[in-house]
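S.K.: Handing over query_34.cif, mmCIF, C-alpha atoms.
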```cif
data_entry
loop_
_atom_site.label_atom_id
_atom_site.label_comp_id
_atom_site.auth_asym_id
_atom_site.auth_seq_id
_atom_site.Cartn_x
_atom_site.Cartn_y
_atom_site.Cartn_z
CA MET A 28 -17.68 21.12 29.37
CA PRO A 29 -18.50 20.33 25.71
CA LEU A 30 -15.67 21.12 23.28
CA ARG A 31 -15.57 21.57 19.50
CA LEU A 32 -12.89 20.34 17.14
CA THR A 33 -11.43 22.38 14.31
CA PRO A 34 -12.50 21.91 10.67
CA THR A 35 -10.66 19.24 8.71
CA PHE A 36 -8.43 19.61 5.68
CA ARG A 37 -11.35 18.25 3.65
CA ASP A 38 -13.42 21.22 4.88
CA ALA A 39 -10.64 23.66 4.02
CA LEU A 40 -10.42 22.30 0.48
CA GLU A 41 -14.17 22.49 -0.02
CA THR A 42 -14.19 26.23 0.73
CA ALA A 43 -10.86 27.17 -0.86
CA GLU A 44 -10.85 29.54 -3.82
CA ARG A 45 -7.24 28.78 -4.77
CA PRO A 46 -4.75 25.95 -4.32
CA LEU A 47 -3.76 25.51 -0.67
CA VAL A 48 -0.02 25.84 -0.18
CA GLY A 49 1.90 23.99 2.50
CA MET A 50 5.26 22.64 3.62
CA TRP A 51 6.75 19.55 5.21
CA VAL A 52 7.55 19.56 8.93
CA CYS A 53 10.26 16.95 9.40
CA THR A 54 12.54 17.99 12.26
CA GLY A 55 10.40 16.49 15.01
CA SER A 56 10.62 19.81 16.87
CA PRO A 57 7.43 21.44 18.26
CA LEU A 58 9.26 24.77 18.23
CA VAL A 59 10.06 24.50 14.52
CA ALA A 60 6.50 23.38 13.82
CA GLU A 61 5.18 26.43 15.65
CA ILE A 62 7.48 28.74 13.71
CA CYS A 63 6.20 27.25 10.45
CA ALA A 64 2.59 27.45 11.66
CA GLY A 65 2.86 31.22 11.96
CA SER A 66 4.29 31.69 8.48
CA GLY A 67 1.01 32.31 6.65
CA LEU A 68 0.99 28.97 4.84
CA ASP A 69 -2.30 27.11 4.58
CA TRP A 70 -1.22 23.69 5.82
CA LEU A 71 1.63 21.69 7.29
CA LEU A 72 2.49 18.05 6.70
CA VAL A 73 3.99 16.43 9.80
CA ASP A 74 5.89 13.44 8.47
CA MET A 75 6.26 10.11 10.25
CA GLU A 76 7.51 8.14 7.24
CA HIS A 77 10.92 9.66 6.53
CA SER A 78 11.42 11.81 9.64
CA PRO A 79 12.31 11.18 13.29
CA ASN A 80 8.72 11.56 14.44
CA GLY A 81 6.97 9.24 16.86
CA LEU A 82 3.65 9.52 18.66
CA GLU A 83 4.96 11.84 21.38
CA SER A 84 6.62 14.29 18.99
CA VAL A 85 3.58 14.36 16.69
CA LEU A 86 1.35 15.09 19.68
CA ALA A 87 3.62 17.92 20.80
CA GLN A 88 3.62 19.43 17.30
CA LEU A 89 -0.17 19.24 16.99
CA GLN A 90 -0.44 21.04 20.31
CA ALA A 91 2.13 23.64 19.24
CA VAL A 92 0.37 24.56 15.99
CA ALA A 93 -3.19 24.44 17.36
CA ALA A 94 -3.21 28.16 18.15
CA TYR A 95 -2.47 29.16 14.55
CA PRO A 96 -4.72 29.43 11.45
CA VAL A 97 -3.04 26.51 9.70
CA THR A 98 -4.25 22.96 9.06
CA PRO A 99 -1.93 20.15 10.15
CA VAL A 100 -1.90 16.87 8.25
CA VAL A 101 0.02 13.85 9.58
CA ARG A 102 1.60 11.35 7.20
CA VAL A 103 1.69 7.99 8.93
CA PRO A 104 4.67 5.73 8.14
CA VAL A 105 2.48 2.93 6.80
CA GLY A 106 -1.21 2.19 6.29
CA ASP A 107 -1.31 -0.05 9.35
CA VAL A 108 -4.59 -0.12 11.27
CA VAL A 109 -2.88 0.02 14.69
CA THR A 110 -0.59 2.92 13.73
CA ILE A 111 -3.51 4.82 12.24
CA LYS A 112 -5.59 4.22 15.36
CA GLN A 113 -2.83 5.59 17.59
CA VAL A 114 -2.26 8.69 15.47
CA LEU A 115 -5.99 9.42 15.36
CA ASP A 116 -6.33 8.92 19.10
CA LEU A 117 -3.59 11.43 19.88
CA GLY A 118 -5.70 14.04 18.09
CA ALA A 119 -4.67 14.09 14.43
CA GLN A 120 -7.74 14.92 12.36
CA ASN A 121 -6.13 14.74 8.93
CA LEU A 122 -4.12 11.73 7.78
CA LEU A 123 -2.05 10.98 4.69
CA VAL A 124 -1.38 7.29 4.03
CA PRO A 125 1.66 6.67 1.78
CA MET A 126 2.24 4.12 -0.96
CA VAL A 127 -1.35 3.46 -2.00
CA SER A 128 -1.35 1.80 -5.41
CA SER A 129 -4.81 0.23 -5.71
CA ALA A 130 -8.43 0.79 -4.80
CA ARG A 131 -8.18 -2.17 -2.43
CA GLU A 132 -5.36 -0.51 -0.50
CA ALA A 133 -7.33 2.76 -0.41
CA GLN A 134 -10.36 0.91 0.95
CA ALA A 135 -8.21 -0.61 3.70
CA ALA A 136 -7.09 2.89 4.69
CA VAL A 137 -10.69 4.08 4.84
CA GLU A 138 -11.62 1.17 7.10
CA ALA A 139 -8.69 1.98 9.38
CA VAL A 140 -10.01 5.50 10.10
CA ARG A 141 -13.64 4.49 10.64
CA TYR A 142 -15.28 2.89 13.63
CA PRO A 143 -17.19 -0.39 13.28
CA PRO A 144 -19.40 -1.45 11.65
CA ARG A 145 -18.08 0.66 8.75
CA GLY A 146 -14.41 0.14 9.62
CA ARG A 147 -11.83 -1.25 11.98
CA ARG A 148 -10.75 1.67 14.15
CA GLY A 149 -10.48 0.68 17.80
CA VAL A 150 -12.69 2.57 20.25
CA GLY A 151 -10.87 4.52 22.95
CA SER A 152 -12.43 7.98 22.89
CA ALA A 153 -12.67 8.25 26.66
CA LEU A 154 -8.92 7.70 26.94
CA SER A 155 -7.66 9.84 24.10
CA ARG A 156 -7.17 13.40 22.91
CA SER A 157 -9.11 12.75 19.68
CA ALA A 158 -12.44 13.24 21.48
CA ARG A 159 -10.84 15.45 24.13
CA TRP A 160 -11.47 12.63 26.60
CA ASN A 161 -15.18 12.44 25.68
CA ARG A 162 -15.61 16.21 26.03
CA VAL A 163 -16.61 16.49 22.34
CA ASP A 164 -20.33 15.80 22.26
CA GLY A 165 -21.30 12.94 19.97
CA TYR A 166 -17.76 12.20 18.86
CA LEU A 167 -18.35 8.50 18.28
CA ASP A 168 -21.41 9.17 16.14
CA ASP A 169 -19.76 12.03 14.22
CA ALA A 170 -16.17 10.75 14.05
CA ASP A 171 -16.18 10.61 10.24
CA ARG A 172 -16.97 14.33 10.15
CA HIS A 173 -13.94 15.08 12.35
CA VAL A 174 -11.44 13.03 10.31
CA SER A 175 -10.25 13.50 6.73
CA LEU A 176 -8.26 10.86 4.87
CA PHE A 177 -5.81 11.42 2.02
CA VAL A 178 -3.90 8.70 0.22
CA GLN A 179 -0.60 9.05 -1.60
CA ILE A 180 0.05 7.73 -5.10
CA GLU A 181 3.77 7.09 -5.61
CA THR A 182 4.10 4.25 -8.12
CA VAL A 183 3.43 3.48 -11.76
CA GLU A 184 0.68 1.11 -10.60
CA GLY A 185 -0.84 3.88 -8.50
CA VAL A 186 -0.96 6.24 -11.47
CA ALA A 187 -2.71 3.57 -13.54
CA ALA A 188 -5.27 3.06 -10.77
CA ALA A 189 -5.60 6.75 -9.83
CA GLY A 190 -9.22 7.09 -10.93
CA ALA A 191 -10.31 3.97 -9.05
CA ILE A 192 -8.40 5.02 -5.94
CA ALA A 193 -10.00 8.47 -6.01
CA ALA A 194 -13.47 6.96 -6.37
CA VAL A 195 -13.27 4.95 -3.14
CA ASP A 196 -15.88 6.23 -0.68
CA GLY A 197 -14.09 7.81 2.25
CA VAL A 198 -11.01 8.97 0.34
CA ASP A 199 -11.13 12.75 0.73
CA GLY A 200 -8.17 13.50 -1.48
CA VAL A 201 -5.22 12.04 -3.35
CA PHE A 202 -1.66 13.29 -3.07
CA VAL A 203 0.88 12.52 -5.77
CA GLY A 204 4.51 11.92 -4.75
CA PRO A 205 6.86 12.46 -7.70
CA ALA A 206 10.02 11.29 -5.88
CA ASP A 207 8.99 7.67 -5.37
CA LEU A 208 7.06 7.77 -8.63
CA ALA A 209 10.27 8.67 -10.44
CA ALA A 210 12.04 5.78 -8.70
CA SER A 211 9.30 3.35 -9.73
CA MET A 212 9.80 4.51 -13.33
CA GLY A 213 13.54 3.83 -13.22
CA LEU A 214 14.30 7.56 -12.92
CA LEU A 215 15.50 7.79 -9.32
CA GLY A 216 16.10 11.39 -8.23
CA ARG A 217 14.72 12.84 -11.49
CA GLN A 218 11.34 14.20 -10.45
CA SER A 219 11.50 16.84 -13.19
CA HIS A 220 12.05 14.34 -15.99
CA PRO A 221 9.42 14.83 -18.71
CA ASP A 222 8.16 11.26 -18.32
CA VAL A 223 7.66 11.74 -14.56
CA VAL A 224 5.93 15.08 -15.07
CA ALA A 225 3.65 13.49 -17.67
CA ALA A 226 2.79 10.68 -15.23
CA VAL A 227 1.96 13.23 -12.53
CA HIS A 228 -0.34 15.03 -14.95
CA ARG A 229 -2.08 11.75 -15.82
CA ALA A 230 -2.72 11.13 -12.14
CA LEU A 231 -3.98 14.67 -11.60
CA GLU A 232 -6.39 14.33 -14.51
CA ALA A 233 -7.70 10.92 -13.43
CA VAL A 234 -8.33 12.02 -9.85
CA ARG A 235 -10.03 15.23 -10.94
CA ARG A 236 -12.29 13.28 -13.30
CA ALA A 237 -13.39 11.25 -10.28
CA GLY A 238 -14.41 14.49 -8.56
CA THR A 239 -11.82 14.17 -5.79
CA PRO A 240 -9.33 16.87 -4.72
CA VAL A 241 -5.79 16.12 -5.80
CA GLY A 242 -2.48 17.50 -4.59
CA VAL A 243 1.20 17.11 -5.37
CA ASN A 244 4.64 17.61 -3.90
CA ALA A 245 6.68 20.11 -5.93
CA PHE A 246 9.68 21.99 -4.54
CA ASP A 247 10.46 23.40 -8.00
CA PRO A 248 8.45 26.66 -8.23
CA ALA A 249 7.82 26.31 -11.95
CA LEU A 250 6.55 22.76 -11.55
CA ALA A 251 4.42 23.76 -8.58
CA ARG A 252 2.77 26.49 -10.64
CA SER A 253 2.23 24.16 -13.60
CA TYR A 254 0.59 21.53 -11.40
CA ALA A 255 -1.63 24.16 -9.80
CA ASP A 256 -2.60 25.38 -13.27
CA ALA A 257 -3.46 21.76 -14.14
CA GLY A 258 -5.91 21.56 -11.26
CA ALA A 259 -3.91 20.59 -8.19
CA ALA A 260 -5.97 21.75 -5.22
CA PHE A 261 -3.13 21.55 -2.71
CA VAL A 262 0.65 21.58 -3.04
CA LEU A 263 3.70 21.21 -0.83
CA VAL A 264 6.44 23.60 -1.89
CA GLY A 265 9.17 23.16 0.72
CA ALA A 266 10.32 21.60 3.98
CA ASP A 267 11.70 22.86 7.25
CA VAL A 268 14.81 20.70 6.92
CA THR A 269 15.62 21.83 3.37
CA LEU A 270 15.09 25.48 4.27
CA LEU A 271 17.51 25.08 7.18
CA ALA A 272 20.01 23.15 5.06
CA HIS A 273 19.98 25.69 2.24
CA GLY A 274 19.97 28.66 4.59
CA SER A 275 22.96 27.39 6.55
CA GLU A 276 24.80 26.60 3.32
CA GLU A 277 24.17 30.16 2.15
CA LEU A 278 25.64 31.52 5.40
CA ALA A 279 28.70 29.35 4.93
CA HIS A 280 29.02 30.44 1.30
CA ARG A 281 28.93 34.09 2.29
CA PHE A 282 30.90 34.22 5.51
CA VAL A 283 33.32 31.29 5.48
CA ARG A 284 34.61 32.46 2.13
CA ALA A 285 34.76 36.01 3.49
CA THR A 286 36.84 34.85 6.43
CA ALA A 287 39.22 33.07 4.08
CA ASP A 288 39.44 36.27 1.97
CA PRO A 289 39.40 39.26 4.39
CA ASP A 290 39.26 41.76 1.50
CA ARG A 291 36.02 40.24 0.20
CA ASP A 292 32.73 41.90 1.23
CA PRO A 293 30.17 39.22 2.40
CA ALA A 294 27.33 41.46 1.24
CA ALA A 295 28.65 41.33 -2.29
CA THR A 296 27.28 37.80 -2.95
#
```
Go ahead and render the structure in this file as structure tokens.
M.R.:
Amino acid sequence: MPLRLTPTFRDALETAERPLVGMWVCTGSPLVAEICAGSGLDWLLVDMEHSPNGLESVLAQLQAVAAYPVTPVVRVPVGDVVTIKQVLDLGAQNLLVPMVSSAREAQAAVEAVRYPPRGRRGVGSALSRSARWNRVDGYLDDADRHVSLFVQIETVEGVAAAGAIAAVDGVDGVFVGPADLAASMGLLGRQSHPDVVAAVHRALEAVRRAGTPVGVNAFDPALARSYADAGAAFVLVGADVTLLAHGSEELAHRFVRATADPDRDPAAT
């Protein structure tokens, strides 16, 4: 029975009339991913770089969110052709490759998601979920249409090369990571420093001039709004793990203190 795949994140950006808002999914839990998928956000970023996610957990999360009107993007841990092949074959349609600092590195990522002769992706559609075990008609011929590729700029060198990176054929979008960018500028942990913010804006402007969608990570609401106003087409504004951390801390703040002081009303905080 012929099957159809869902539209890519590239398709969603092309039709969007506002910045698309998403969050990180880092717990490795399909249940948490499904909860986030039903939140009303536009997209989720399943992280394999700084989270305990492997192929099996990413597969389970893609399956868990498939029933919801949300677009999942998977960040691979490294722009390795074998890793990218495996993540594509398990059914990820939208990839984010971290630490891309040059047009040459962006071109290598493009080749990793494309079949020969245009790229280096290994052919295993009959064995994998990507083509629904060859139940998607014409998958090999139309694979580029079913996959969108985003690259992440996170260094001073990446900002300087942002326009060239964005102009690489096959790069569907560029995502700016202020945390590692701040570190590369000698400002570790200071994503809101004026110099870091200015560098982010330079990257946004260069990518937009190239005609490519650009996004950014911004947990600070004011920064997120300012980047959206500057033309960011997609933003990440939170993460499952930080929401859980902050929420549990708030419970402790309210009720542990209340237990220590029985005369104190927990609702008063």
S.K.: Let me know the residues the PyMOL selection byres ((chain A and resi 197) around 8) catches in the file above, as a list in words.
M.R.: Gln134, Val137, Leu176, Val195, Asp196, Val198 and Asp199 of chain A
S.K.: Under the rule of at most 8 Å, produce a per-residue listing of stretch 161-255 of chain A near stretch 125-128 of chain A: chain, number, name, the closest pair of atoms, and the distance in Å, as CSV, using only C-alpha atoms.
M.R.:
```
residue,atom,partner,partner_atom,distance
A:Val178,CA,A:Pro125,CA,6.1
A:Gln179,CA,A:Pro125,CA,4.7
A:Ile180,CA,A:Val127,CA,5.5
A:Glu181,CA,A:Met126,CA,5.7
A:Thr182,CA,A:Ser128,CA,6.6
A:Glu184,CA,A:Ser128,CA,5.6
A:Gly185,CA,A:Ser128,CA,3.8
A:Val186,CA,A:Ser128,CA,7.5
A:Ala188,CA,A:Ser128,CA,6.8
A:Ala189,CA,A:Ser128,CA,7.9
A:Ile192,CA,A:Ser128,CA,7.8
```
S.K.: Exactly which residues make up the result of the PyMOL selection byres ((chain A and resi 36-47) around 8) on this file, given as a PDB file with C-alpha atoms, keeping the file's coordinate frame?
M.R.:
```pdb
ATOM      1  CA  PRO A  34     -12.500  21.910  10.670  1.00  0.00           C
ATOM      2  CA  THR A  35     -10.660  19.240   8.710  1.00  0.00           C
ATOM      3  CA  VAL A  48      -0.020  25.840  -0.180  1.00  0.00           C
ATOM      4  CA  GLY A  49       1.900  23.990   2.500  1.00  0.00           C
ATOM      5  CA  ASP A  69      -2.300  27.110   4.580  1.00  0.00           C
ATOM      6  CA  TRP A  70      -1.220  23.690   5.820  1.00  0.00           C
ATOM      7  CA  THR A  98      -4.250  22.960   9.060  1.00  0.00           C
ATOM      8  CA  PRO A  99      -1.930  20.150  10.150  1.00  0.00           C
ATOM      9  CA  VAL A 100      -1.900  16.870   8.250  1.00  0.00           C
ATOM     10  CA  ASN A 121      -6.130  14.740   8.930  1.00  0.00           C
ATOM     11  CA  SER A 175     -10.250  13.500   6.730  1.00  0.00           C
ATOM     12  CA  ASP A 199     -11.130  12.750   0.730  1.00  0.00           C
ATOM     13  CA  GLY A 200      -8.170  13.500  -1.480  1.00  0.00           C
ATOM     14  CA  PRO A 240      -9.330  16.870  -4.720  1.00  0.00           C
ATOM     15  CA  ALA A 255      -1.630  24.160  -9.800  1.00  0.00           C
ATOM     16  CA  ALA A 259      -3.910  20.590  -8.190  1.00  0.00           C
ATOM     17  CA  ALA A 260      -5.970  21.750  -5.220  1.00  0.00           C
ATOM     18  CA  PHE A 261      -3.130  21.550  -2.710  1.00  0.00           C
ATOM     19  CA  VAL A 262       0.650  21.580  -3.040  1.00  0.00           C
TER      20      VAL A 262
END
```
S.K.: Got a sec to resolve the PyMOL selection byres ((chain A and resi 171) around 10) on this structure and send the residues as a ChimeraX atom specification?
M.R.: /A:120,140-142,166-170,172-176,197
S.K.: Can you tell me which residues surround A:Met212 at a distance of at most 8 Å, considering all atoms listed in the file, apart from same-chain residues fewer than 4 positions away, and format the answer as a ChimeraX atom specification?
M.R.: /A:182-183,208,223
S.K.: Mind pulling up the distance from atom CA of A:Val124 to atom CA of A:Gly258?
M.R.: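 According to the coordinates, atom CA of A:Gly258 and atom CA of A:Val124 are separated by 21.4 Å.
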S.K.: With a distance cut-off of 9 Å and only C-alpha atoms, select the neighbouring residues of A:Ser219, excluding the residue or stretch itself and same-chain residues fewer than 3 positions from it, and output the selection as a PyMOL selection string.
M.R.: chain A and resi 205+209+216+222-224+247+250
S.K.: So which one's closest to A:Ala87, A:Arg156, A:Ile111, A:Gly149, A:Phe282? Using only C-alpha atoms, please.
M.R.: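 Among the listed residues, A:Arg156 lies closest to A:Ala87.
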S.K.: Write out as a list in words each polymer residue whose atoms come within 12 Å of A:Arg162, counting all atoms listed in the file; drop sequence neighbours fewer than 5 positions from it.
M.R.: Met28, Pro29, Leu30, Arg31, Leu32, Ser152, Ala153, Leu154, Ser155, Arg156, Ser157 and Leu167 of chain A
S.K.: Write the residues of the selection above to a file with C-alpha atoms, as a compact mmCIF listing (two decimals), in the frame of the given file.
M.R.:
```txt
# COMPACT_ATOMS: atom_id res chain seq x y z
CA MET A 28 -17.68 21.12 29.37
CA PRO A 29 -18.50 20.33 25.71
CA LEU A 30 -15.67 21.12 23.28
CA ARG A 31 -15.57 21.57 19.50
CA LEU A 32 -12.89 20.34 17.14
CA SER A 152 -12.43 7.98 22.89
CA ALA A 153 -12.67 8.25 26.66
CA LEU A 154 -8.92 7.70 26.94
CA SER A 155 -7.66 9.84 24.10
CA ARG A 156 -7.17 13.40 22.91
CA SER A 157 -9.11 12.75 19.68
CA LEU A 167 -18.35 8.50 18.28
```
